[in-house]
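Student: Provided herewith: start-v4.cif, mmCIF, C-alpha atoms.
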data_structure
loop_
_atom_site.group_PDB
_atom_site.id
_atom_site.type_symbol
_atom_site.label_atom_id
_atom_site.label_comp_id
_atom_site.auth_asym_id
_atom_site.auth_seq_id
_atom_site.Cartn_x
_atom_site.Cartn_y
_atom_site.Cartn_z
ATOM 1 C CA MET A 1 -50.575 60.275 36.119
ATOM 2 C CA SER A 2 -52.180 63.624 36.653
ATOM 3 C CA ALA A 3 -54.231 62.361 39.618
ATOM 4 C CA VAL A 4 -51.093 62.646 41.695
ATOM 5 C CA ARG A 5 -51.223 66.394 41.467
ATOM 6 C CA PRO A 6 -54.377 67.285 43.409
ATOM 7 C CA ALA A 7 -53.802 64.778 46.185
ATOM 8 C CA THR A 8 -50.291 65.982 46.757
ATOM 9 C CA SER A 9 -51.708 69.473 47.061
ATOM 10 C CA LEU A 10 -53.169 68.504 50.437
ATOM 11 C CA ASP A 11 -51.035 69.717 53.286
ATOM 12 C CA GLY A 12 -51.260 70.786 56.904
ATOM 13 C CA ASN A 13 -54.077 68.918 58.658
ATOM 14 C CA LEU A 14 -55.430 67.883 55.236
ATOM 15 C CA ALA A 15 -52.340 65.827 54.452
ATOM 16 C CA LEU A 16 -52.712 62.154 53.545
ATOM 17 C CA PRO A 17 -51.565 59.773 56.304
ATOM 18 C CA ARG A 18 -48.033 58.594 55.678
ATOM 19 C CA LYS A 19 -45.548 56.430 57.500
ATOM 20 C CA ASN A 20 -41.866 56.962 56.696
ATOM 21 C CA GLY A 21 -43.058 59.038 53.765
ATOM 22 C CA GLU A 22 -45.205 56.198 52.447
ATOM 23 C CA LEU A 23 -48.923 56.467 51.891
ATOM 24 C CA VAL A 24 -50.766 54.348 54.432
ATOM 25 C CA PHE A 25 -54.098 52.640 53.940
ATOM 26 C CA GLU A 26 -54.988 50.708 57.045
ATOM 27 C CA ALA A 27 -57.737 48.746 55.318
ATOM 28 C CA PRO A 28 -58.817 48.177 51.704
ATOM 29 C CA TRP A 29 -61.906 50.407 51.983
ATOM 30 C CA GLU A 30 -59.632 53.369 52.705
ATOM 31 C CA GLY A 31 -57.857 52.831 49.393
ATOM 32 C CA ARG A 32 -61.172 52.501 47.565
ATOM 33 C CA ALA A 33 -62.473 55.731 49.138
ATOM 34 C CA PHE A 34 -59.242 57.463 48.194
ATOM 35 C CA GLY A 35 -59.306 56.167 44.607
ATOM 36 C CA MET A 36 -62.990 56.978 44.050
ATOM 37 C CA ALA A 37 -62.591 60.593 45.111
ATOM 38 C CA LEU A 38 -59.598 61.053 42.851
ATOM 39 C CA ALA A 39 -61.287 59.304 39.914
ATOM 40 C CA LEU A 40 -64.285 61.639 40.008
ATOM 41 C CA THR A 41 -62.363 64.847 40.554
ATOM 42 C CA ASP A 42 -59.413 64.331 38.230
ATOM 43 C CA GLY A 43 -60.837 64.794 34.769
ATOM 44 C CA GLY A 44 -64.129 63.423 36.166
ATOM 45 C CA PRO A 45 -67.450 65.211 36.628
ATOM 46 C CA LEU A 46 -66.694 66.779 40.022
ATOM 47 C CA ALA A 47 -64.351 69.531 41.139
ATOM 48 C CA TRP A 48 -61.299 68.813 43.275
ATOM 49 C CA ASN A 49 -61.654 72.146 45.051
ATOM 50 C CA ASP A 50 -65.219 71.312 46.091
ATOM 51 C CA PHE A 51 -63.987 68.038 47.539
ATOM 52 C CA ARG A 52 -61.108 69.744 49.279
ATOM 53 C CA GLN A 53 -63.527 72.249 50.835
ATOM 54 C CA LEU A 54 -65.781 69.456 52.094
ATOM 55 C CA LEU A 55 -62.777 67.647 53.557
ATOM 56 C CA VAL A 56 -61.754 70.808 55.380
ATOM 57 C CA GLU A 57 -65.283 71.028 56.719
ATOM 58 C CA GLN A 58 -65.316 67.385 57.885
ATOM 59 C CA ILE A 59 -61.992 67.733 59.658
ATOM 60 C CA ARG A 60 -63.274 70.866 61.375
ATOM 61 C CA THR A 61 -66.609 69.404 62.480
ATOM 62 C CA GLU A 62 -65.475 65.845 63.274
ATOM 63 C CA PRO A 63 -61.904 66.341 64.467
ATOM 64 C CA ASP A 64 -61.879 63.058 66.407
ATOM 65 C CA HIS A 65 -62.747 60.862 63.431
ATOM 66 C CA ARG A 66 -59.993 59.026 61.639
ATOM 67 C CA TYR A 67 -58.672 60.613 58.466
ATOM 68 C CA TYR A 68 -60.266 58.263 55.945
ATOM 69 C CA GLU A 69 -63.592 58.396 57.797
ATOM 70 C CA GLN A 70 -63.483 62.149 57.299
ATOM 71 C CA TRP A 71 -62.479 61.546 53.695
ATOM 72 C CA LEU A 72 -65.384 59.140 53.131
ATOM 73 C CA ALA A 73 -67.900 61.539 54.684
ATOM 74 C CA ALA A 74 -66.574 64.381 52.518
ATOM 75 C CA PHE A 75 -66.879 62.210 49.417
ATOM 76 C CA GLU A 76 -70.453 61.229 50.308
ATOM 77 C CA ALA A 77 -71.266 64.921 50.678
ATOM 78 C CA LEU A 78 -69.645 65.653 47.318
ATOM 79 C CA VAL A 79 -71.628 63.059 45.358
ATOM 80 C CA THR A 80 -74.930 63.942 47.054
ATOM 81 C CA ASP A 81 -74.471 67.737 46.867
ATOM 82 C CA SER A 82 -73.739 67.399 43.168
ATOM 83 C CA GLY A 83 -76.856 65.292 42.629
ATOM 84 C CA LEU A 84 -74.984 62.246 41.281
ATOM 85 C CA LEU A 85 -76.519 60.119 44.051
ATOM 86 C CA THR A 86 -79.036 60.757 46.789
ATOM 87 C CA ARG A 87 -78.501 60.218 50.509
ATOM 88 C CA GLU A 88 -81.373 57.794 50.446
ATOM 89 C CA GLN A 89 -79.759 55.662 47.725
ATOM 90 C CA LEU A 90 -76.520 55.528 49.674
ATOM 91 C CA GLU A 91 -78.198 54.656 52.929
ATOM 92 C CA ARG A 92 -80.332 51.942 51.388
ATOM 93 C CA ARG A 93 -77.381 50.365 49.617
ATOM 94 C CA ALA A 94 -75.129 50.529 52.691
ATOM 95 C CA ALA A 95 -77.861 48.844 54.734
ATOM 96 C CA GLU A 96 -77.968 46.018 52.179
ATOM 97 C CA TYR A 97 -74.250 45.468 52.662
ATOM 98 C CA ARG A 98 -74.479 45.642 56.447
ATOM 99 C CA SER A 99 -77.269 43.077 56.521
ATOM 100 C CA MET A 100 -75.290 40.974 54.009
ATOM 101 C CA GLU A 101 -78.212 40.969 51.612
ATOM 102 C CA ARG A 102 -75.605 42.129 49.123
ATOM 103 C CA ASP A 103 -72.047 40.877 49.202
ATOM 104 C CA GLU A 104 -70.390 41.896 45.948
ATOM 105 C CA VAL A 105 -67.018 43.457 46.563
ATOM 106 C CA PHE A 106 -64.619 45.720 44.690
ATOM 107 C CA MET B 1 -52.240 13.624 40.161
ATOM 108 C CA SER B 2 -54.634 16.182 41.486
ATOM 109 C CA GLU B 3 -54.709 19.417 39.593
ATOM 110 C CA HIS B 4 -55.041 21.429 42.730
ATOM 111 C CA GLU B 5 -55.138 21.091 46.453
ATOM 112 C CA HIS B 6 -58.217 22.703 47.672
ATOM 113 C CA GLN B 7 -57.919 23.204 51.385
ATOM 114 C CA GLU B 8 -59.742 20.451 53.144
ATOM 115 C CA HIS B 9 -62.600 21.412 55.296
ATOM 116 C CA ASP B 10 -66.320 21.283 55.482
ATOM 117 C CA PRO B 11 -67.814 23.517 52.803
ATOM 118 C CA HIS B 12 -70.200 25.109 55.264
ATOM 119 C CA GLU B 13 -67.431 25.869 57.658
ATOM 120 C CA HIS B 14 -65.519 27.282 54.731
ATOM 121 C CA ASP B 15 -68.372 29.527 53.738
ATOM 122 C CA HIS B 16 -68.664 30.687 57.284
ATOM 123 C CA GLY B 17 -64.956 31.487 57.409
ATOM 124 C CA HIS B 18 -65.288 33.885 54.509
ATOM 125 C CA HIS B 19 -67.973 35.996 56.030
ATOM 126 C CA PRO B 20 -67.677 35.694 59.767
ATOM 127 C CA GLU B 21 -69.374 39.004 60.252
ATOM 128 C CA PRO B 22 -70.999 41.754 58.223
ATOM 129 C CA PRO B 23 -68.924 44.677 56.949
ATOM 130 C CA THR B 24 -68.315 47.557 59.309
ATOM 131 C CA ASP B 25 -70.273 50.756 58.846
ATOM 132 C CA VAL B 26 -67.486 52.504 56.923
ATOM 133 C CA GLU B 27 -66.870 49.451 54.734
ATOM 134 C CA ALA B 28 -70.580 49.265 53.899
ATOM 135 C CA ARG B 29 -70.649 52.970 53.046
ATOM 136 C CA ALA B 30 -67.593 52.672 50.782
ATOM 137 C CA LEU B 31 -69.131 49.637 49.048
ATOM 138 C CA ALA B 32 -72.426 51.487 48.629
ATOM 139 C CA LEU B 33 -70.669 54.422 46.970
ATOM 140 C CA GLU B 34 -68.593 52.325 44.631
ATOM 141 C CA SER B 35 -71.393 49.971 43.577
ATOM 142 C CA LEU B 36 -73.832 52.824 42.883
ATOM 143 C CA LEU B 37 -71.278 54.937 41.004
ATOM 144 C CA ILE B 38 -70.388 51.919 38.857
ATOM 145 C CA GLU B 39 -74.065 51.167 38.148
ATOM 146 C CA LYS B 40 -74.570 54.750 37.032
ATOM 147 C CA GLY B 41 -71.636 54.453 34.672
ATOM 148 C CA ILE B 42 -69.770 57.267 36.426
ATOM 149 C CA LEU B 43 -66.879 55.125 37.565
ATOM 150 C CA THR B 44 -65.226 51.791 36.868
ATOM 151 C CA SER B 45 -63.448 49.729 39.468
ATOM 152 C CA GLU B 46 -60.451 49.575 37.107
ATOM 153 C CA GLN B 47 -60.149 53.355 37.317
ATOM 154 C CA VAL B 48 -59.986 53.173 41.075
ATOM 155 C CA ASP B 49 -57.452 50.333 40.868
ATOM 156 C CA GLU B 50 -55.275 52.347 38.557
ATOM 157 C CA ILE B 51 -55.212 55.348 40.838
ATOM 158 C CA ILE B 52 -54.357 53.223 43.825
ATOM 159 C CA ARG B 53 -51.665 51.415 41.846
ATOM 160 C CA THR B 54 -50.118 54.705 40.846
ATOM 161 C CA PHE B 55 -49.877 55.745 44.443
ATOM 162 C CA GLU B 56 -48.611 52.384 45.559
ATOM 163 C CA GLN B 57 -45.868 52.458 42.970
ATOM 164 C CA ASP B 58 -45.181 55.985 44.038
ATOM 165 C CA ILE B 59 -44.486 54.692 47.521
ATOM 166 C CA GLY B 60 -41.965 52.024 46.598
ATOM 167 C CA PRO B 61 -41.901 48.264 46.489
ATOM 168 C CA MET B 62 -44.637 46.312 48.127
ATOM 169 C CA LEU B 63 -43.913 44.852 51.502
ATOM 170 C CA GLY B 64 -44.295 41.386 50.011
ATOM 171 C CA ALA B 65 -41.386 41.995 47.645
ATOM 172 C CA ARG B 66 -39.111 42.753 50.597
ATOM 173 C CA VAL B 67 -40.260 39.583 52.319
ATOM 174 C CA VAL B 68 -39.549 37.482 49.224
ATOM 175 C CA ALA B 69 -36.112 39.021 48.662
ATOM 176 C CA ARG B 70 -35.156 38.364 52.285
ATOM 177 C CA ALA B 71 -36.283 34.757 51.954
ATOM 178 C CA TRP B 72 -34.114 34.375 48.835
ATOM 179 C CA VAL B 73 -30.960 35.531 50.581
ATOM 180 C CA ASP B 74 -31.531 34.144 54.073
ATOM 181 C CA ARG B 75 -32.285 30.433 54.315
ATOM 182 C CA ASP B 76 -33.171 30.603 58.016
ATOM 183 C CA PHE B 77 -35.582 33.471 57.403
ATOM 184 C CA ARG B 78 -37.190 31.437 54.627
ATOM 185 C CA LYS B 79 -37.729 28.554 57.031
ATOM 186 C CA ARG B 80 -39.255 30.841 59.673
ATOM 187 C CA LEU B 81 -41.423 32.496 57.012
ATOM 188 C CA ILE B 82 -42.960 29.208 55.991
ATOM 189 C CA GLU B 83 -43.447 28.089 59.588
ATOM 190 C CA ASP B 84 -44.938 31.326 60.923
ATOM 191 C CA ALA B 85 -45.316 34.030 58.315
ATOM 192 C CA ASN B 86 -46.735 36.691 60.622
ATOM 193 C CA ALA B 87 -43.786 36.428 62.994
ATOM 194 C CA ALA B 88 -41.248 36.396 60.168
ATOM 195 C CA VAL B 89 -42.830 39.400 58.446
ATOM 196 C CA GLY B 90 -42.680 41.149 61.804
ATOM 197 C CA GLU B 91 -38.886 40.740 61.760
ATOM 198 C CA LEU B 92 -38.772 43.169 58.845
ATOM 199 C CA GLY B 93 -40.349 45.793 61.040
ATOM 200 C CA LEU B 94 -43.794 45.372 59.508
ATOM 201 C CA SER B 95 -46.457 45.390 62.161
ATOM 202 C CA THR B 96 -48.623 42.288 62.068
ATOM 203 C CA THR B 97 -50.572 42.768 65.252
ATOM 204 C CA ASN B 98 -53.905 43.563 63.603
ATOM 205 C CA LEU B 99 -53.561 41.355 60.617
ATOM 206 C CA ALA B 100 -55.213 38.134 59.599
ATOM 207 C CA ARG B 101 -53.045 35.034 59.711
ATOM 208 C CA LEU B 102 -50.711 34.863 56.750
ATOM 209 C CA SER B 103 -49.401 31.656 55.254
ATOM 210 C CA VAL B 104 -46.559 31.641 52.739
ATOM 211 C CA VAL B 105 -46.490 28.801 50.215
ATOM 212 C CA ALA B 106 -43.205 28.257 48.398
ATOM 213 C CA ASN B 107 -42.751 27.366 44.747
ATOM 214 C CA GLU B 108 -40.102 24.737 44.173
ATOM 215 C CA PRO B 109 -39.043 22.474 41.346
ATOM 216 C CA GLY B 110 -42.129 20.445 40.435
ATOM 217 C CA VAL B 111 -44.584 22.623 42.382
ATOM 218 C CA HIS B 112 -46.243 25.875 41.394
ATOM 219 C CA ASN B 113 -48.602 27.627 43.814
ATOM 220 C CA MET B 114 -51.306 30.165 43.165
ATOM 221 C CA ILE B 115 -53.835 31.885 45.384
ATOM 222 C CA VAL B 116 -57.505 32.643 44.994
ATOM 223 C CA CYS B 117 -60.487 33.399 47.150
ATOM 224 C CA THR B 118 -63.320 31.363 45.680
ATOM 225 C CA LEU B 119 -66.162 32.853 47.681
ATOM 226 C CA CYS B 120 -65.273 36.523 47.955
ATOM 227 C CA SER B 121 -62.010 38.379 47.657
ATOM 228 C CA CYS B 122 -59.865 37.650 50.697
ATOM 229 C CA TYR B 123 -56.385 38.802 49.794
ATOM 230 C CA PRO B 124 -53.079 39.172 51.649
ATOM 231 C CA TRP B 125 -53.299 42.939 51.322
ATOM 232 C CA MET B 126 -51.072 43.471 54.352
ATOM 233 C CA VAL B 127 -48.156 42.359 52.194
ATOM 234 C CA LEU B 128 -49.443 42.872 48.652
ATOM 235 C CA GLY B 129 -51.448 46.073 48.952
ATOM 236 C CA LEU B 130 -54.893 46.252 47.416
ATOM 237 C CA PRO B 131 -56.164 43.415 45.233
ATOM 238 C CA PRO B 132 -56.390 43.887 41.467
ATOM 239 C CA THR B 133 -59.913 43.884 40.051
ATOM 240 C CA TRP B 134 -59.483 40.599 38.192
ATOM 241 C CA TYR B 135 -58.655 38.833 41.477
ATOM 242 C CA LYS B 136 -62.147 39.684 42.680
ATOM 243 C CA SER B 137 -63.878 38.736 39.434
ATOM 244 C CA PRO B 138 -66.126 35.640 39.422
ATOM 245 C CA PRO B 139 -64.324 34.087 36.395
ATOM 246 C CA TYR B 140 -60.936 34.135 38.130
ATOM 247 C CA ARG B 141 -62.411 32.907 41.388
ATOM 248 C CA SER B 142 -64.084 29.904 39.801
ATOM 249 C CA ARG B 143 -61.633 29.083 37.021
ATOM 250 C CA ALA B 144 -58.477 29.295 39.134
ATOM 251 C CA VAL B 145 -59.646 26.158 40.908
ATOM 252 C CA ARG B 146 -61.236 24.393 37.946
ATOM 253 C CA GLU B 147 -58.595 24.982 35.296
ATOM 254 C CA PRO B 148 -55.564 26.682 36.839
ATOM 255 C CA ARG B 149 -53.277 25.685 33.993
ATOM 256 C CA VAL B 150 -55.499 27.422 31.436
ATOM 257 C CA VAL B 151 -55.840 30.515 33.626
ATOM 258 C CA LEU B 152 -52.057 30.668 34.008
ATOM 259 C CA GLU B 153 -51.649 30.407 30.235
ATOM 260 C CA GLU B 154 -53.917 33.424 29.893
ATOM 261 C CA PHE B 155 -51.614 35.304 32.238
ATOM 262 C CA GLY B 156 -48.739 34.288 29.977
ATOM 263 C CA VAL B 157 -47.344 31.682 32.339
ATOM 264 C CA THR B 158 -46.772 28.207 30.943
ATOM 265 C CA ILE B 159 -46.381 25.520 33.565
ATOM 266 C CA GLN B 160 -44.879 22.264 32.347
ATOM 267 C CA GLU B 161 -47.203 19.282 32.433
ATOM 268 C CA ASP B 162 -45.095 17.492 35.028
ATOM 269 C CA VAL B 163 -45.286 20.422 37.450
ATOM 270 C CA GLU B 164 -48.063 20.171 40.022
ATOM 271 C CA ILE B 165 -50.223 23.271 40.442
ATOM 272 C CA ARG B 166 -51.509 23.878 43.957
ATOM 273 C CA VAL B 167 -54.350 26.364 44.340
ATOM 274 C CA TRP B 168 -54.784 27.852 47.795
ATOM 275 C CA ASP B 169 -58.171 29.216 48.752
ATOM 276 C CA SER B 170 -57.952 32.166 51.122
ATOM 277 C CA SER B 171 -60.443 32.955 53.817
ATOM 278 C CA SER B 172 -61.050 35.943 56.007
ATOM 279 C CA ASP B 173 -58.775 34.630 58.728
ATOM 280 C CA LEU B 174 -56.123 32.875 56.651
ATOM 281 C CA ARG B 175 -54.484 34.587 53.685
ATOM 282 C CA TYR B 176 -51.931 32.968 51.422
ATOM 283 C CA MET B 177 -48.994 34.478 49.610
ATOM 284 C CA VAL B 178 -46.756 32.711 47.099
ATOM 285 C CA LEU B 179 -42.989 32.682 47.560
ATOM 286 C CA PRO B 180 -41.741 32.486 43.969
ATOM 287 C CA GLU B 181 -38.476 30.778 43.082
ATOM 288 C CA ARG B 182 -35.416 32.966 42.833
ATOM 289 C CA PRO B 183 -34.616 33.528 39.151
ATOM 290 C CA SER B 184 -31.319 32.178 37.901
ATOM 291 C CA GLY B 185 -28.564 34.631 37.092
ATOM 292 C CA THR B 186 -29.172 36.617 40.271
ATOM 293 C CA ALA B 187 -26.342 35.261 42.429
ATOM 294 C CA ASP B 188 -24.520 38.577 42.653
ATOM 295 C CA MET B 189 -27.554 40.746 43.297
ATOM 296 C CA THR B 190 -28.222 42.530 46.577
ATOM 297 C CA GLU B 191 -31.399 42.012 48.566
ATOM 298 C CA ALA B 192 -32.708 45.407 47.444
ATOM 299 C CA GLU B 193 -32.005 44.590 43.798
ATOM 300 C CA LEU B 194 -33.738 41.244 44.190
ATOM 301 C CA ALA B 195 -36.827 42.927 45.672
ATOM 302 C CA GLU B 196 -37.150 44.906 42.435
ATOM 303 C CA LEU B 197 -37.579 41.643 40.524
ATOM 304 C CA VAL B 198 -40.551 40.553 42.620
ATOM 305 C CA THR B 199 -43.869 41.437 40.996
ATOM 306 C CA ARG B 200 -47.262 41.446 42.650
ATOM 307 C CA ASP B 201 -48.477 38.785 40.219
ATOM 308 C CA SER B 202 -45.571 36.500 41.116
ATOM 309 C CA MET B 203 -46.741 36.582 44.749
ATOM 310 C CA ILE B 204 -50.314 35.733 43.692
ATOM 311 C CA GLY B 205 -48.841 32.924 41.607
ATOM 312 C CA VAL B 206 -50.136 34.133 38.237
ATOM 313 C CA GLY B 207 -46.775 35.531 37.205
ATOM 314 C CA LEU B 208 -43.072 34.891 37.601
ATOM 315 C CA PRO B 209 -40.428 37.268 38.952
ATOM 316 C CA ARG B 210 -38.765 39.547 36.442
ATOM 317 C CA VAL B 211 -35.640 38.240 34.795
ATOM 318 C CA PRO B 212 -32.667 40.435 35.651
ATOM 319 C CA ALA B 213 -31.429 42.670 32.878
ATOM 320 C CA ALA B 214 -28.224 41.368 31.319
ATOM 321 C CA ARG B 215 -25.222 43.163 32.753
ATOM 322 C CA SER B 216 -22.626 44.605 30.481
#
Can the structure in the file be given as structure tokens, please?
Tutor:
Amino acid sequence: MSAVRPATSLDGNLALPRKNGELVFEAPWEGRAFGMALALTDGGPLAWNDFRQLLVEQIRTEPDHRYYEQWLAAFEALVTDSGLLTREQLERRAAEYRSMERDEVF
Amino acid sequence: MSEHEHQEHDPHEHDHGHHPEPPTDVEARALALESLLIEKGILTSEQVDEIIRTFEQDIGPMLGARVVARAWVDRDFRKRLIEDANAAVGELGLSTTNLARLSVVANEPGVHNMIVCTLCSCYPWMVLGLPPTWYKSPPYRSRAVREPRVVLEEFGVTIQEDVEIRVWDSSSDLRYMVLPERPSGTADMTEAELAELVTRDSMIGVGLPRVPAARS
């Protein structure tokens, strides 16, 4: 699958967390965040290089955050910068999940 | 004969067990992104599944497959696995310190097990990776309990009428995994070869292990 290509192009402090060479997701949401970013940038409407740049920026500005938190923040920036979604939509929807008004899962 | 053994407890308690607390901030943000992107038709959850699956296959057999293969070759390990799955899984060097309680249910002659989460999508992801989309779908969640035999047929698994089907309903603090029966014709296979036969679906109980290729 061609999606393997861009993600394996991440190295240095951008590299995906691995343990004994294996990709590590510590919780399901990390895998979803990973998969969503790849889905939209590999043959999708957004550019991998834009995402990569935003990830670089997140790691630089929030060096203490965990990798997939940086990844998630970069992906949020990508979809809002591109106009696919607005910050307000994301915040409202996330609040619905936090308050358990909405409980559908993926 | 009961078609399934739903775990016995008060339904309200059960409900509570599924959602003991709201999602964390990052979980809520990831859910917000995925739900909105799906609604806009930009993404499907199957696409995300497929990408994750590609990477998981890229990284070798699931931890669950190693656990099953060990249980097939080591009778004492199998016993410990059924008694205390978290401790037994820990013997394989897989950290279980932050995980929900895992319970392994073994298939045997006359008994076939399958797992579901009727109220949400609790899944033994610590051993099976990320759940497939169908596992989280309302039809699977409701029909697995109501008509497991029909659901299994749809997965291509025919269970003889005289075999009891037990359906185990997971919750946020207790996750089930099925220990499938070791296929026949595998007596001379190594543990690593056996692990290759173990599919994800066989550990959910909607599939059977692969049959070993005939040796020339």
Student: Please identify every residue of chain B that has at least one atom no more than 8 Å from any atom of chain A, counting all atoms listed in the file, and report them as a ChimeraX atom specification.
Tutor: /B:22-34,36-37,42-43,45,47-49,51-52,54-56,59-60,120-121,125,130,133,136
Student: As an exercise, work out the distance from CA of Ser103 in chain B to CA of Pro212 in chain B in Å and give it to one decimal place.
Tutor: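 Interatomic distance here is 27.2 Å.
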Student: Compare B:Ala85, B:Leu197, B:Met189, B:Ile165 by their minimum atom-to-atom distance to Met126 in chain B, counting only C-alpha atoms, and give me the closest one.
Tutor: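 Checking each candidate against Met126 in chain B, we get B:Ala85 as the closest.
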Student: So how many Å separate CA of Val151 in chain B and CA of Tyr176 in chain B, to one decimal?
Tutor: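 Rounded to one decimal, the two atoms are 18.4 Å apart.
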Student: Applied to this file, what does the PyMOL selection byres ((chain B and resi 159) around 10) return in terms of residues, put as a PyMOL selection string?
Tutor: chain B and resi 110-112+148-150+152-153+156-158+160-165
Student: Output the residue selection produced by the PyMOL selection byres ((chain A and resi 50) around 10) on the file above, formatted as number ranges by chain.
Tutor: A: 41, 46-49, 51-56, 74-75, 77-78, 81-82
Student: Convert the current residue selection to file output with C-alpha atoms, as a CSV table (one decimal), in the coordinates of the input.
Tutor:
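Result written to again-v4.csv:
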chain,number,residue,atom,x,y,z
A,41,THR,CA,-62.4,64.8,40.6
A,46,LEU,CA,-66.7,66.8,40.0
A,47,ALA,CA,-64.4,69.5,41.1
A,48,TRP,CA,-61.3,68.8,43.3
A,49,ASN,CA,-61.7,72.1,45.1
A,51,PHE,CA,-64.0,68.0,47.5
A,52,ARG,CA,-61.1,69.7,49.3
A,53,GLN,CA,-63.5,72.2,50.8
A,54,LEU,CA,-65.8,69.5,52.1
A,55,LEU,CA,-62.8,67.6,53.6
A,56,VAL,CA,-61.8,70.8,55.4
A,74,ALA,CA,-66.6,64.4,52.5
A,75,PHE,CA,-66.9,62.2,49.4
A,77,ALA,CA,-71.3,64.9,50.7
A,78,LEU,CA,-69.6,65.7,47.3
A,81,ASP,CA,-74.5,67.7,46.9
A,82,SER,CA,-73.7,67.4,43.2
Student: What does the PyMOL selection byres ((chain B and resi 66) around 9) select in this file, as a list in words?
Tutor: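 Matching residues under the PyMOL selection byres ((chain B and resi 66) around 9) are Pro61, Met62, Leu63, Gly64, Ala65, Val67, Val68, Ala69, Arg70, Ala71, Leu92, Glu191, Ala192, Leu194, Ala195, Glu196 and Val198 of chain B.
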Student: Taking all atoms listed in the file into account, which of B:Pro132, B:Trp72, B:Asp84, B:Arg141 comes nearest Ser184 in chain B?
Tutor: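 That would be B:Trp72, the residue with the smallest distance to Ser184 in chain B.
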Student: Between CA of Gln58 in chain A and CA of Gln70 in chain A, what is the spacing in Å?
Tutor: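 So the answer is 5.6 Å.
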Student: Please identify all polymer residues within 10 Å of Ser142 in chain B, counting only C-alpha atoms, omitting same-chain residues fewer than 5 positions from it, and present them as a CSV table (one decimal) with C-alpha atoms, in the coordinates of the input.
Tutor:
chain,number,residue,atom,x,y,z
B,116,VAL,CA,-57.5,32.6,45.0
B,117,CYS,CA,-60.5,33.4,47.2
B,118,THR,CA,-63.3,31.4,45.7
B,119,LEU,CA,-66.2,32.9,47.7
B,137,SER,CA,-63.9,38.7,39.4
B,147,GLU,CA,-58.6,25.0,35.3
B,148,PRO,CA,-55.6,26.7,36.8
Student: Missing atoms in range 60-64 of chain A: fill them in up to all heavy atoms and send the result as an mmCIF file, in the frame of the given file.
Tutor:
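Wrote selection21.cif, looks like this:
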data_model
loop_
_atom_site.group_PDB
_atom_site.id
_atom_site.type_symbol
_atom_site.label_atom_id
_atom_site.label_comp_id
_atom_site.auth_asym_id
_atom_site.auth_seq_id
_atom_site.Cartn_x
_atom_site.Cartn_y
_atom_site.Cartn_z
ATOM 1 N N ARG A 60 -62.933 69.844 60.388
ATOM 2 C CA ARG A 60 -63.274 70.866 61.375
ATOM 3 C C ARG A 60 -64.419 70.386 62.283
ATOM 4 O O ARG A 60 -64.368 70.547 63.497
ATOM 5 C CB ARG A 60 -63.681 72.163 60.657
ATOM 6 C CG ARG A 60 -63.766 73.380 61.547
ATOM 7 C CD ARG A 60 -64.126 74.623 60.742
ATOM 8 N NE ARG A 60 -65.445 74.512 60.103
ATOM 9 C CZ ARG A 60 -66.608 74.639 60.746
ATOM 10 N NH1 ARG A 60 -66.633 74.897 62.033
ATOM 11 N NH2 ARG A 60 -67.744 74.516 60.079
ATOM 12 N N THR A 61 -65.432 69.757 61.680
ATOM 13 C CA THR A 61 -66.609 69.404 62.480
ATOM 14 C C THR A 61 -66.476 68.065 63.198
ATOM 15 O O THR A 61 -67.136 67.830 64.201
ATOM 16 C CB THR A 61 -67.888 69.363 61.606
ATOM 17 O OG1 THR A 61 -67.658 68.470 60.510
ATOM 18 C CG2 THR A 61 -68.229 70.733 61.063
ATOM 19 N N GLU A 62 -65.658 67.169 62.644
ATOM 20 C CA GLU A 62 -65.475 65.845 63.274
ATOM 21 C C GLU A 62 -63.994 65.587 63.509
ATOM 22 O O GLU A 62 -63.422 64.638 62.970
ATOM 23 C CB GLU A 62 -66.053 64.729 62.370
ATOM 24 C CG GLU A 62 -67.513 64.866 62.016
ATOM 25 C CD GLU A 62 -68.428 64.522 63.177
ATOM 26 O OE1 GLU A 62 -67.932 64.136 64.262
ATOM 27 O OE2 GLU A 62 -69.660 64.643 63.001
ATOM 28 N N PRO A 63 -63.371 66.434 64.339
ATOM 29 C CA PRO A 63 -61.904 66.341 64.467
ATOM 30 C C PRO A 63 -61.423 65.019 65.061
ATOM 31 O O PRO A 63 -60.277 64.637 64.864
ATOM 32 C CB PRO A 63 -61.549 67.516 65.391
ATOM 33 C CG PRO A 63 -62.817 67.836 66.112
ATOM 34 C CD PRO A 63 -63.939 67.478 65.192
ATOM 35 N N ASP A 64 -62.310 64.300 65.761
ATOM 36 C CA ASP A 64 -61.879 63.058 66.407
ATOM 37 C C ASP A 64 -61.977 61.838 65.497
ATOM 38 O O ASP A 64 -61.504 60.772 65.842
ATOM 39 C CB ASP A 64 -62.711 62.795 67.672
ATOM 40 C CG ASP A 64 -62.526 63.909 68.679
ATOM 41 O OD1 ASP A 64 -61.459 64.563 68.631
ATOM 42 O OD2 ASP A 64 -63.447 64.134 69.485
#
